[in-house]
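*Asks:* Structure: coords.cif, mmCIF, C-alpha atoms.
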data_protein
#
loop_
_atom_site.label_atom_id
_atom_site.label_comp_id
_atom_site.auth_asym_id
_atom_site.auth_seq_id
_atom_site.Cartn_x
_atom_site.Cartn_y
_atom_site.Cartn_z
CA MET M 1280 17.82 -44.92 -4.69
CA THR M 1281 17.94 -41.83 -6.85
CA GLN M 1282 18.89 -38.35 -5.76
CA ILE M 1283 17.42 -35.02 -6.77
CA ARG M 1284 20.20 -32.60 -7.62
CA GLU M 1285 18.22 -29.73 -9.05
CA ILE M 1286 14.61 -28.72 -9.21
CA GLU M 1287 12.80 -25.70 -10.64
CA LEU M 1288 9.38 -24.81 -9.26
CA ASP M 1289 6.66 -22.41 -10.29
CA VAL M 1290 5.34 -21.04 -7.00
CA LEU M 1291 2.57 -18.62 -6.03
CA LYS M 1292 3.00 -17.00 -2.64
CA PRO M 1293 1.70 -14.04 -0.57
CA HIS M 1294 3.98 -10.97 -0.41
CA LEU M 1295 4.98 -11.86 3.13
CA PRO M 1296 7.28 -13.50 4.06
CA ASN M 1297 9.42 -11.72 1.49
CA VAL M 1298 11.61 -13.49 -1.05
CA LEU M 1299 14.72 -13.34 1.13
CA GLU M 1300 12.96 -14.99 4.08
CA PHE M 1301 11.34 -17.45 1.69
CA SER M 1302 14.67 -18.41 0.11
CA ASP M 1303 16.31 -18.55 3.50
CA ALA M 1304 13.71 -21.01 4.82
CA ILE M 1305 14.26 -23.33 1.85
CA ALA M 1306 18.05 -23.01 1.90
CA SER M 1307 18.16 -23.85 5.59
CA LEU M 1308 16.71 -27.30 4.84
CA GLY M 1309 20.16 -28.56 3.82
CA ALA M 1310 23.73 -27.39 4.36
CA ASP M 1311 24.49 -27.59 0.64
CA TYR M 1312 21.19 -26.23 -0.65
CA GLU M 1313 21.40 -23.35 -3.09
CA VAL M 1314 18.28 -21.34 -3.86
CA PHE M 1315 17.87 -19.06 -6.88
CA LEU M 1316 14.64 -17.14 -6.91
CA ASP M 1317 13.07 -14.98 -9.61
CA VAL M 1318 9.93 -12.94 -9.13
CA VAL M 1319 8.02 -13.43 -12.36
CA GLN M 1320 4.83 -11.54 -11.58
CA MET M 1321 3.51 -9.30 -8.83
CA ASP M 1322 -0.18 -8.94 -8.04
CA GLU M 1323 -2.01 -7.03 -5.31
CA LYS M 1324 -1.68 -9.77 -2.70
CA THR M 1325 0.49 -12.43 -4.32
CA GLU M 1326 3.61 -12.96 -6.36
CA THR M 1327 4.59 -15.68 -8.80
CA LEU M 1328 8.10 -17.03 -8.46
CA THR M 1329 10.45 -19.33 -10.25
CA VAL M 1330 12.43 -21.12 -7.58
CA LEU M 1331 15.52 -23.05 -8.62
CA ILE M 1332 16.97 -25.23 -5.87
CA LYS M 1333 20.28 -27.07 -6.17
CA GLY M 1334 21.90 -29.49 -3.79
CA HIS M 1335 23.56 -32.88 -3.51
CA SER M 1336 20.38 -34.62 -2.42
CA LEU M 1337 17.26 -32.49 -2.27
CA ASP M 1338 14.38 -33.57 -0.06
CA TYR M 1339 11.38 -32.63 -2.18
CA ARG M 1340 8.82 -33.46 0.50
CA ARG M 1341 10.41 -31.08 3.00
CA ILE M 1342 10.77 -28.37 0.36
CA GLU M 1343 7.09 -28.72 -0.51
CA GLU M 1344 6.13 -28.66 3.17
CA THR M 1345 8.24 -25.54 3.85
CA ILE M 1346 6.72 -23.70 0.90
CA LYS M 1347 3.22 -24.66 2.06
CA ASN M 1348 4.00 -23.56 5.64
CA LEU M 1349 5.05 -20.16 4.32
CA GLY M 1350 1.72 -19.82 2.54
CA GLY M 1351 3.06 -20.73 -0.91
CA SER M 1352 1.60 -23.13 -3.39
CA ILE M 1353 3.57 -25.10 -5.98
CA HIS M 1354 1.87 -24.80 -9.36
CA SER M 1355 4.28 -26.95 -11.30
CA ILE M 1356 7.70 -28.55 -11.37
CA ASP M 1357 9.23 -27.03 -14.47
CA LYS M 1358 12.65 -28.63 -14.47
CA CYS M 1359 14.53 -31.26 -12.53
CA HIS M 1360 17.84 -33.08 -12.46
CA VAL M 1361 17.75 -36.50 -10.84
CA VAL M 1362 20.69 -38.93 -10.71
CA GLY M 1363 20.68 -42.70 -10.31
CA GLU M 1364 22.71 -45.20 -8.29
CA ALA M 1365 25.76 -45.32 -10.54
CA ILE M 1366 26.53 -41.63 -10.54
CA LYS M 1367 25.00 -40.35 -7.33
CA ASN M 1368 28.28 -40.13 -5.43
CA MET A 148 7.60 -21.86 19.10
CA LEU A 149 9.34 -18.48 19.33
CA ASP A 150 10.24 -18.69 15.63
CA ARG A 151 6.61 -19.34 14.76
CA LEU A 152 5.46 -16.41 16.88
CA THR A 153 8.04 -14.14 15.27
CA LEU A 154 7.00 -15.32 11.80
CA ALA A 155 3.31 -14.81 12.64
CA LEU A 156 4.06 -11.26 13.81
CA ARG A 157 6.20 -10.57 10.73
CA ILE A 158 3.79 -11.79 8.07
CA SER A 159 0.82 -10.11 9.73
CA ARG A 160 2.80 -6.88 10.31
CA SER A 161 1.54 -6.95 13.90
CA LYS A 162 4.52 -5.53 15.80
CA VAL A 163 3.30 -1.99 15.16
CA ILE A 164 -0.25 -2.94 16.19
CA LEU A 165 1.02 -4.50 19.43
CA ARG A 166 3.08 -1.42 20.20
CA ARG A 167 0.12 0.84 19.49
CA TYR A 168 -2.20 -1.18 21.72
CA PHE A 169 0.44 -1.27 24.47
CA ILE A 170 0.78 2.51 24.44
CA THR A 171 -2.89 3.38 23.95
CA ASN A 172 -4.30 1.09 26.58
CA GLY A 173 -1.31 1.59 28.89
CA PHE A 174 -2.06 5.28 28.79
CA ASP A 175 -5.71 4.50 29.48
CA GLY A 176 -4.69 2.52 32.54
CA VAL A 177 -2.43 5.26 33.87
CA LEU A 178 -4.94 8.06 33.36
CA THR A 179 -7.87 6.03 34.73
CA MET A 180 -5.91 5.24 37.89
CA LEU A 181 -4.83 8.84 38.17
CA GLY A 182 -8.44 10.00 37.89
CA LEU A 183 -9.59 7.47 40.46
CA LEU A 184 -6.86 8.36 42.94
CA VAL A 185 -7.25 12.10 42.55
CA GLY A 186 -11.02 11.70 42.89
CA PHE A 187 -10.61 9.86 46.17
CA ARG A 188 -7.90 12.29 47.30
CA VAL A 189 -10.07 15.39 46.87
CA SER A 190 -13.20 13.75 48.26
CA GLY A 191 -11.62 13.63 51.71
CA SER A 192 -10.39 10.87 53.90
CA VAL A 193 -10.95 7.40 52.43
CA ALA A 194 -9.62 4.17 53.93
CA ILE A 195 -6.65 2.77 52.00
CA ASP A 196 -8.34 -0.64 51.75
CA ILE A 197 -11.37 0.86 50.01
CA LEU A 198 -9.11 2.74 47.62
CA LEU A 199 -7.06 -0.39 46.95
CA VAL A 200 -10.11 -2.56 46.22
CA SER A 201 -11.62 0.16 43.99
CA GLY A 202 -8.32 0.49 42.13
CA LEU A 203 -7.99 -3.27 41.76
CA GLY A 204 -11.57 -3.55 40.52
CA THR A 205 -10.95 -0.82 37.97
CA ALA A 206 -7.71 -2.47 36.85
CA ILE A 207 -9.46 -5.83 36.40
CA ALA A 208 -12.28 -4.18 34.47
CA LEU A 209 -9.73 -2.43 32.21
CA ALA A 210 -7.91 -5.72 31.65
CA VAL A 211 -11.05 -7.72 30.84
CA SER A 212 -12.39 -4.96 28.63
CA GLY A 213 -9.00 -4.66 26.88
CA VAL A 214 -8.69 -8.40 26.27
CA SER A 215 -12.24 -8.93 25.05
CA SER A 216 -12.58 -5.86 22.84
CA ALA A 217 -9.18 -6.37 21.18
CA TYR A 218 -9.80 -10.09 20.67
CA ILE A 219 -13.20 -9.58 19.05
CA SER A 220 -12.05 -6.82 16.72
CA GLU A 221 -8.65 -8.32 15.84
CA SER A 222 -9.96 -11.84 15.20
CA ALA A 223 -12.64 -10.44 12.87
CA GLU A 224 -10.02 -8.30 11.11
CA ARG A 225 -7.55 -11.20 10.77
CA LYS A 226 -10.22 -13.57 9.48
CA HIS A 227 -11.21 -11.01 6.88
CA GLU A 228 -7.56 -10.59 5.80
CA LEU A 229 -7.04 -14.35 5.65
CA ASP A 230 -10.18 -14.81 3.55
CA LYS A 231 -8.95 -12.17 1.10
CA LEU A 232 -5.56 -13.89 0.89
CA ARG A 233 -7.24 -17.27 0.40
CA ASP A 234 -9.22 -15.84 -2.50
CA ALA A 235 -6.09 -14.37 -4.05
CA MET A 236 -4.14 -17.61 -3.60
CA MET A 237 -7.12 -19.80 -4.55
CA ASP A 238 -6.01 -22.01 -1.69
CA ARG A 239 -7.32 -22.65 1.83
CA LEU A 240 -3.77 -22.05 3.17
CA GLU A 241 -4.34 -24.84 5.68
CA GLY A 242 -1.44 -25.35 8.05
CA SER A 243 0.31 -22.25 6.73
CA ALA A 244 1.94 -19.54 8.81
CA HIS A 245 -0.80 -17.18 7.59
CA GLU A 246 -3.56 -19.38 8.97
CA GLU A 247 -1.59 -19.70 12.22
CA ALA A 248 -1.10 -15.92 12.37
CA ALA A 249 -4.86 -15.40 12.05
CA THR A 250 -5.28 -17.45 15.24
CA ILE A 251 -2.22 -16.37 17.24
CA VAL A 252 -2.15 -12.63 16.51
CA PRO A 253 -5.61 -11.79 17.95
CA VAL A 254 -4.65 -13.62 21.16
CA MET A 255 -1.36 -11.72 21.43
CA VAL A 256 -2.98 -8.39 20.67
CA ALA A 257 -5.75 -9.11 23.20
CA LEU A 258 -3.20 -10.01 25.89
CA VAL A 259 -1.14 -6.89 25.29
CA ASN A 260 -4.25 -4.73 25.21
CA GLY A 261 -5.50 -6.19 28.47
CA LEU A 262 -2.26 -6.63 30.37
CA SER A 263 -0.82 -3.23 29.52
CA PRO A 264 -3.33 -1.15 31.56
CA PHE A 265 -3.42 -3.83 34.24
CA ILE A 266 0.35 -3.81 34.79
CA PHE A 267 0.50 0.00 34.81
CA ALA A 268 -2.41 0.07 37.27
CA MET A 269 -0.69 -2.46 39.54
CA LEU A 270 2.50 -0.40 39.59
CA ILE A 271 0.51 2.69 40.48
CA LEU A 272 -1.41 0.85 43.21
CA ALA A 273 1.75 -0.72 44.69
CA PRO A 274 2.23 1.94 47.42
CA LEU A 275 -1.39 1.46 48.55
CA TRP A 276 -0.92 -2.30 48.68
CA LEU A 277 2.36 -1.95 50.62
CA ALA A 278 0.72 0.45 53.07
CA SER A 279 -2.41 -1.69 53.40
CA SER A 280 -0.48 -4.89 54.10
CA ASN A 281 1.89 -3.08 56.49
CA SER A 282 4.82 -4.34 54.42
CA MET A 283 6.28 -0.86 54.37
CA VAL A 284 5.62 2.36 56.24
CA ILE A 285 4.60 4.95 53.68
CA ALA A 286 3.67 8.39 54.96
CA ALA A 287 1.34 9.38 52.12
CA PRO A 288 0.61 6.32 49.97
CA VAL A 289 -2.14 7.98 47.91
CA ASP A 290 0.11 10.91 47.02
CA LEU A 291 2.92 8.49 46.19
CA SER A 292 0.57 6.53 43.89
CA ILE A 293 -0.47 9.77 42.19
CA GLY A 294 3.21 10.62 41.80
CA ILE A 295 3.91 7.22 40.24
CA ALA A 296 1.01 7.74 37.83
CA MET A 297 2.49 11.10 36.81
CA VAL A 298 5.90 9.49 36.28
CA MET A 299 4.30 6.70 34.21
CA ALA A 300 2.53 9.26 32.04
CA PHE A 301 5.85 11.07 31.58
CA LEU A 302 7.69 7.83 30.69
CA LEU A 303 4.99 6.74 28.23
CA GLY A 304 5.29 10.17 26.66
CA ILE A 305 9.06 9.71 26.29
CA TYR A 306 8.47 6.31 24.67
CA ILE A 307 5.97 7.81 22.21
CA GLY A 308 8.44 10.62 21.56
CA ARG A 309 11.19 8.13 20.73
CA LEU A 310 8.91 6.40 18.23
CA SER A 311 7.90 9.64 16.55
CA GLY A 312 11.36 11.15 16.73
CA THR A 313 10.18 14.03 18.92
CA PHE A 314 12.54 15.49 21.55
CA TRP A 315 12.10 13.20 24.57
CA LEU A 316 11.63 15.93 27.16
CA TRP A 317 8.95 17.69 25.13
CA ALA A 318 7.13 14.39 24.47
CA GLY A 319 7.28 13.49 28.16
CA LEU A 320 6.06 16.92 29.23
CA ARG A 321 3.20 16.79 26.74
CA SER A 322 1.94 13.54 28.32
CA SER A 323 2.42 14.97 31.79
CA LEU A 324 0.33 17.98 30.78
CA LEU A 325 -2.53 15.60 29.98
CA ALA A 326 -2.23 14.10 33.44
CA ILE A 327 -2.19 17.59 34.96
CA ALA A 328 -5.28 18.49 32.90
CA ILE A 329 -7.10 15.50 34.41
CA ILE A 330 -6.20 16.62 37.92
CA PHE A 331 -7.30 20.16 37.10
CA LEU A 332 -10.65 18.99 35.68
CA ILE A 333 -11.37 16.82 38.70
CA LEU A 334 -10.59 19.72 41.02
CA LEU A 335 -12.78 21.99 38.91
CA PHE A 336 -15.78 19.63 39.06
CA ASN A 337 -15.25 18.99 42.70
#
Written as structure tokens, how would this file's structure read?
*Replies:*
Amino acid sequence: MTQIREIELDVLKPHLPNVLEFSDAIASLGADYEVFLDVVQMDEKTETLTVLIKGHSLDYRRIEETIKNLGGSIHSIDKCHVVGEAIKN
Amino acid sequence: MLDRLTLALRISRSKVILRRYFITNGFDGVLTMLGLLVGFRVSGSVAIDILLVSGLGTAIALAVSGVSSAYISESAERKHELDKLRDAMMDRLEGSAHEEAATIVPVMVALVNGLSPFIFAMLILAPLWLASSNSMVIAAPVDLSIGIAMVMAFLLGIYIGRLSGTFWLWAGLRSSLLAIAIIFLILLFN
């Protein structure tokens, strides 16, 4: 089994919930999750974000689900760091 | 469930709308009851039971009207907002908090809009009900109900004053003046 340690997403989301609430919802998915969020572009009703998430073992499916629940949509995965069996601990 | 409700209220910015509906229709309930009671009071001697049933009927009508009108207008408004957001996102937003808010918020707004006048009306009618059911001996239940309606108008005024940052006593008195104006107009037409 591999583990995702870091992932960078390009996300489009409505203005509400705001970026703090958005980051908070993702960070609360794991005790060691770290979320770094940049607002790249603001439009009338939406904003484009770069979301960098770090953690020991990220659960991508739950992250995707949380973003979708908050009205966001993942446009692309721009960067990731995945580790294999030998180095995962 | 509570988290989802809170989120729905947050993302739809509905707390202010709920508060506004609560005050507006609550005020409607208080003033309608006041008008009804004063009307009966000046028309002469009316049996408490008749007054109670009339008041209850009016309160139910206010509640049903409040629920239905708010639901129809809010659900149309929310659907319109959701459609605009869907266009901007180029996504159906299925299963999202925004889609959920478009369903939940009209129901909450409708309930507040309907229950607010109903609850105020019930509080105002309480002395009549107590007198009618012989649960309590009340010397002048109609006058007491009118008094409660005046107090409610004053308290709603204070609440509005707190929101707008106006001096509480002035805000309360301003609302009471409206109630007094209603009494005066009824007496004038009578």
*Asks:* In terms of the shortest atom-to-atom distance over all atoms listed in the file, which of M:Gly1351, M:Arg1284, M:Lys1292, M:Glu1313 is closest to Gly1363 in chain M?
*Replies:*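 Using all atoms listed in the file, the shortest distance to Gly1363 in chain M belongs to M:Arg1284.
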*Asks:* Which distance in Å separates CA of Val284 in chain A and CA of Leu178 in chain A, to one decimal?
*Replies:* 25.8 Å
*Asks:* With 12 Å as the limit and counting all atoms listed in the file, what residues in chain A lie close to chain M? Please list them as JSON, numbers by chain.
*Replies:* {"A": [150, 151, 153, 154, 155, 156, 157, 158, 159, 160, 228, 229, 230, 231, 232, 233, 234, 235, 236, 237, 238, 239, 240, 241, 242, 243, 244, 245, 246, 247, 248]}
*Asks:* Take the PyMOL selection byres ((chain M and resi 1311) around 12), run it mentally on this structure, and tell me the resulting residues as a list in words.
*Replies:*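 Taken on the displayed file, the PyMOL selection byres ((chain M and resi 1311) around 12) yields the residues Arg1284, Glu1285, Ile1305, Ala1306, Ser1307, Leu1308, Gly1309, Ala1310, Tyr1312, Glu1313, Val1314, Ile1332, Lys1333, Gly1334, His1335, Ser1336, Leu1337 and Asp1338 of chain M.
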*Asks:* What gap, in Å, lies between CA of Ser1302 in chain M and CA of Thr1327 in chain M?
*Replies:*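 About the pair CA of Ser1302 in chain M and CA of Thr1327 in chain M: they are 13.7 Å apart.
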*Asks:* CA of Val259 in chain A to CA of Ser323 in chain A: how many Å, to one decimal?
*Replies:*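 CA of Ser323 in chain A lies 23.1 Å from CA of Val259 in chain A.
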